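Colleague: This is the structure I want to talk about, given as structure tokens.
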Amino acid sequence: MPLYRYLISTYGFCLASVLGNIVFRFHLSLPIHIIFRSSSTAFTMLLGYLIYRKKYSLGQILGSVLMSLGVITVTISNMSDRSSQPNEEPQEFRTYVSGLAILVGVTMLTSFLSLYNESSNRIYRAKERSGSWLENLFYSHLYAIPFFLLMPGTLKREYELVESLSASSNFKKYWAFLLANVITQLLCVAGVNKIAILTSAVTLGVILLLRRFLSLLFSMLLFHNEMSPLGMLGTIMVFAGAGVYSYSIGAENDKMKMKEKRE
């Protein structure tokens with residue numbers, strides 16, 4: 001695959017990753033971050049139709065619409081809760097809205113990159129789909145190294161934080177958490193790269209949505225992030241939409257198998 005395609009994909013995802021972490025400075029909770037990013041499936045379908053002229057079944061469209069409506073419901077619920085707080089200043093509310101705007105941009109960027117990678121895999125890897133995910137995993141990390149050199153201040157602060165923790169009595173505990181995070185991230189990234197070779201960008205988005213569902217549950221359990229009844233309704237809509245989409249994909253695969261048997 002040409003070098004420029006690796007570079008576009010790598011630096012695009014690096015930018016999305018950095019912006020995705022920056023939005024936490026805008027008073028966005030992790031559940032809102034997770035649920036809003038879950039709308040990437042709808043964005044992927046929209047961009048796929050507009051840019052690549054892809055066609056989707058009614059079940060896929062219905063599932064994506066349901067997920068998007070769920071995201072909107074949760075977002076409105078959270079914004080209503082914030083705007084009704086008497087002690088919150090208008091400046092803080094504007095900061096929250098700005099964070100949501102960045103999150104929309106990140107979601108659209110990742111959706112486009114998923115379609116871009118799907119196109120690259122289809123064009124250049126049609127004959128070697130089984131092992132090419134390792135190549136993509138290697139180059140995407142190799143080319144990402146210079147990107148982090150553009151953030152010396154952040155790297156310095158992280159290093160100083162690690163040094164300060166070395167004097168703590170819980171130093172071994174912190175390192176255990178860091179090691180667990182690195183291992184799980186490795187498994188996650190490797191799995192995503194392998195799935196991206198074998199499936200479409202939209203299906204990959206649905207699989208990642210289910211992963212975010214588990215993250216949402218852990219977040220609410222560990223960090224006591226609560227949601228209003230309207231927010232819970234939106235959450236149910238998001239993951240119900242994922243179920244509708246998955247059922248639609250399964251039905252289409254069954255039809256294709258039946259057609260192949262008849263032929």
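Each chain of the structure tokens is named A, B, ... in the order shown, its residues numbered from 1; ligands are numbered from 1 in display order.
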Please give the complete set of residues from region 30-222 of chain A that DSSP, run on the backbone, assigns to alpha helix (DSSP H), formatted as a PyMOL selection string.
Modeller: chain A and resi 30-37+40-51+58-83+90-124+132-142+145-148+152-165+171-198+201-222
Colleague: Could you list, as a list in words, every residue within 6 Å of region 2-11 of chain A, counting only C-alpha atoms and ignoring same-chain residues fewer than 2 positions away?
Modeller: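 Returned residues: Phe13, Cys14 and Ser140 of chain A.
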Colleague: Those same residues - C-alpha atoms - I'd like them written as a PDB file, in the first residue's frame.
Modeller:
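New file part32.pdb:
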ATOM      1  CA  PHE A  13      -6.276   9.034  13.948  1.00  0.00           C
ATOM      2  CA  CYS A  14      -3.552  10.693  16.046  1.00  0.00           C
ATOM      3  CA  SER A 140       0.414   3.036  12.081  1.00  0.00           C
TER       4      SER A 140
END
Colleague: Quick one: residues within 9 Å of Ser57 (chain A), only C-alpha atoms counted, chain neighbours fewer than 2 positions away excluded, as a count of residues only?
Modeller: 8
Colleague: Skip Tyr52 (chain A) itself and residues of its chain fewer than 4 positions away, then list as a PyMOL selection string all residues within 12 Å of it, counting only C-alpha atoms.
Modeller: chain A and resi 44-48+56+112+115-116+118-119+201
Colleague: May I have the residues within 10 Å of His33 (chain A) as a list of chain:residue names, using only C-alpha atoms and disregarding those fewer than 6 positions away in the same chain?
Modeller: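 So the residues in contact are A:Gly20, A:Asn21, A:Val23, A:Phe24, A:Thr75, A:Gly99, A:Leu100, A:Leu103, A:Arg212, A:Leu216.
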Colleague: May I ask which of the residues A:Leu214, A:Leu233, A:Ile145, A:Met1 is the closest one to Arg122 (chain A), counting only C-alpha atoms?
Modeller: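 For Arg122 (chain A), the nearest of the given residues is A:Met1.
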Colleague: Between CA of Leu137 (chain A) and CA of Ser120 (chain A), measure the distance and give it in Å to one decimal.
Modeller: 14.2 Å
Colleague: Between A:Thr184, A:Thr41, A:Ala101, A:Ile51, which one has atoms that come closest to Gly63 (chain A), using only C-alpha atoms?
Modeller: A:Thr41
Colleague: Tell me which protein, DNA and RNA residues are within 8 Å of Val74 (chain A), counting only C-alpha atoms, leaving out same-chain ones fewer than 4 positions away, and put them as a ChimeraX atom specification.
Modeller: /A:32,35,70,78,230-235
Colleague: Output N, CA and C atoms of each residue in that selection to a file, as a PDB file, in the first residue's frame.
Modeller:
ATOM      1  N   ILE A  32     -20.917  10.651  28.637  1.00  0.00           N
ATOM      2  CA  ILE A  32     -21.328  11.495  27.520  1.00  0.00           C
ATOM      3  C   ILE A  32     -20.357  11.338  26.357  1.00  0.00           C
ATOM      4  N   ILE A  35     -21.073   7.809  24.742  1.00  0.00           N
ATOM      5  CA  ILE A  35     -22.345   7.712  24.034  1.00  0.00           C
ATOM      6  C   ILE A  35     -22.345   8.593  22.788  1.00  0.00           C
ATOM      7  N   GLY A  70     -30.732   8.286  20.074  1.00  0.00           N
ATOM      8  CA  GLY A  70     -30.343   8.028  21.457  1.00  0.00           C
ATOM      9  C   GLY A  70     -29.246   8.965  21.919  1.00  0.00           C
ATOM     10  N   ASN A  78     -28.298  15.813  29.327  1.00  0.00           N
ATOM     11  CA  ASN A  78     -27.155  16.291  30.101  1.00  0.00           C
ATOM     12  C   ASN A  78     -27.054  17.810  30.057  1.00  0.00           C
ATOM     13  N   LEU A 230     -34.177  10.350  31.431  1.00  0.00           N
ATOM     14  CA  LEU A 230     -34.125  10.638  29.997  1.00  0.00           C
ATOM     15  C   LEU A 230     -32.799  10.184  29.401  1.00  0.00           C
ATOM     16  N   GLY A 231     -31.733  10.368  30.162  1.00  0.00           N
ATOM     17  CA  GLY A 231     -30.433   9.907  29.695  1.00  0.00           C
ATOM     18  C   GLY A 231     -30.372   8.396  29.571  1.00  0.00           C
ATOM     19  N   MET A 232     -30.982   7.696  30.523  1.00  0.00           N
ATOM     20  CA  MET A 232     -31.019   6.241  30.454  1.00  0.00           C
ATOM     21  C   MET A 232     -31.830   5.771  29.252  1.00  0.00           C
ATOM     22  N   LEU A 233     -32.927   6.492  28.947  1.00  0.00           N
ATOM     23  CA  LEU A 233     -33.725   6.154  27.771  1.00  0.00           C
ATOM     24  C   LEU A 233     -32.891   6.295  26.503  1.00  0.00           C
ATOM     25  N   GLY A 234     -32.115   7.372  26.431  1.00  0.00           N
ATOM     26  CA  GLY A 234     -31.242   7.563  25.274  1.00  0.00           C
ATOM     27  C   GLY A 234     -30.206   6.468  25.152  1.00  0.00           C
ATOM     28  N   THR A 235     -29.675   6.031  26.293  1.00  0.00           N
ATOM     29  CA  THR A 235     -28.692   4.949  26.281  1.00  0.00           C
ATOM     30  C   THR A 235     -29.300   3.663  25.735  1.00  0.00           C
TER      31      THR A 235
END
Colleague: So that I can see what lies close to Phe148 (chain A), please list as a VMD selection string the residues with an atom at most 10 Å from it, counting only C-alpha atoms and leaving out residues fewer than 6 positions away in the same chain.
Modeller: chain A and resid 14 18 154 to 155
Colleague: Could you state the separation of CA of Arg53 (chain A) and CA of Thr110 (chain A) in Å, given to one decimal place?
Modeller: 18.3 Å
Colleague: Would you mind telling me which residue in A:Met67, A:Ile76, A:Val189, A:Ala42 lies nearest to Trp133 (chain A) when using only C-alpha atoms?
Modeller: A:Val189
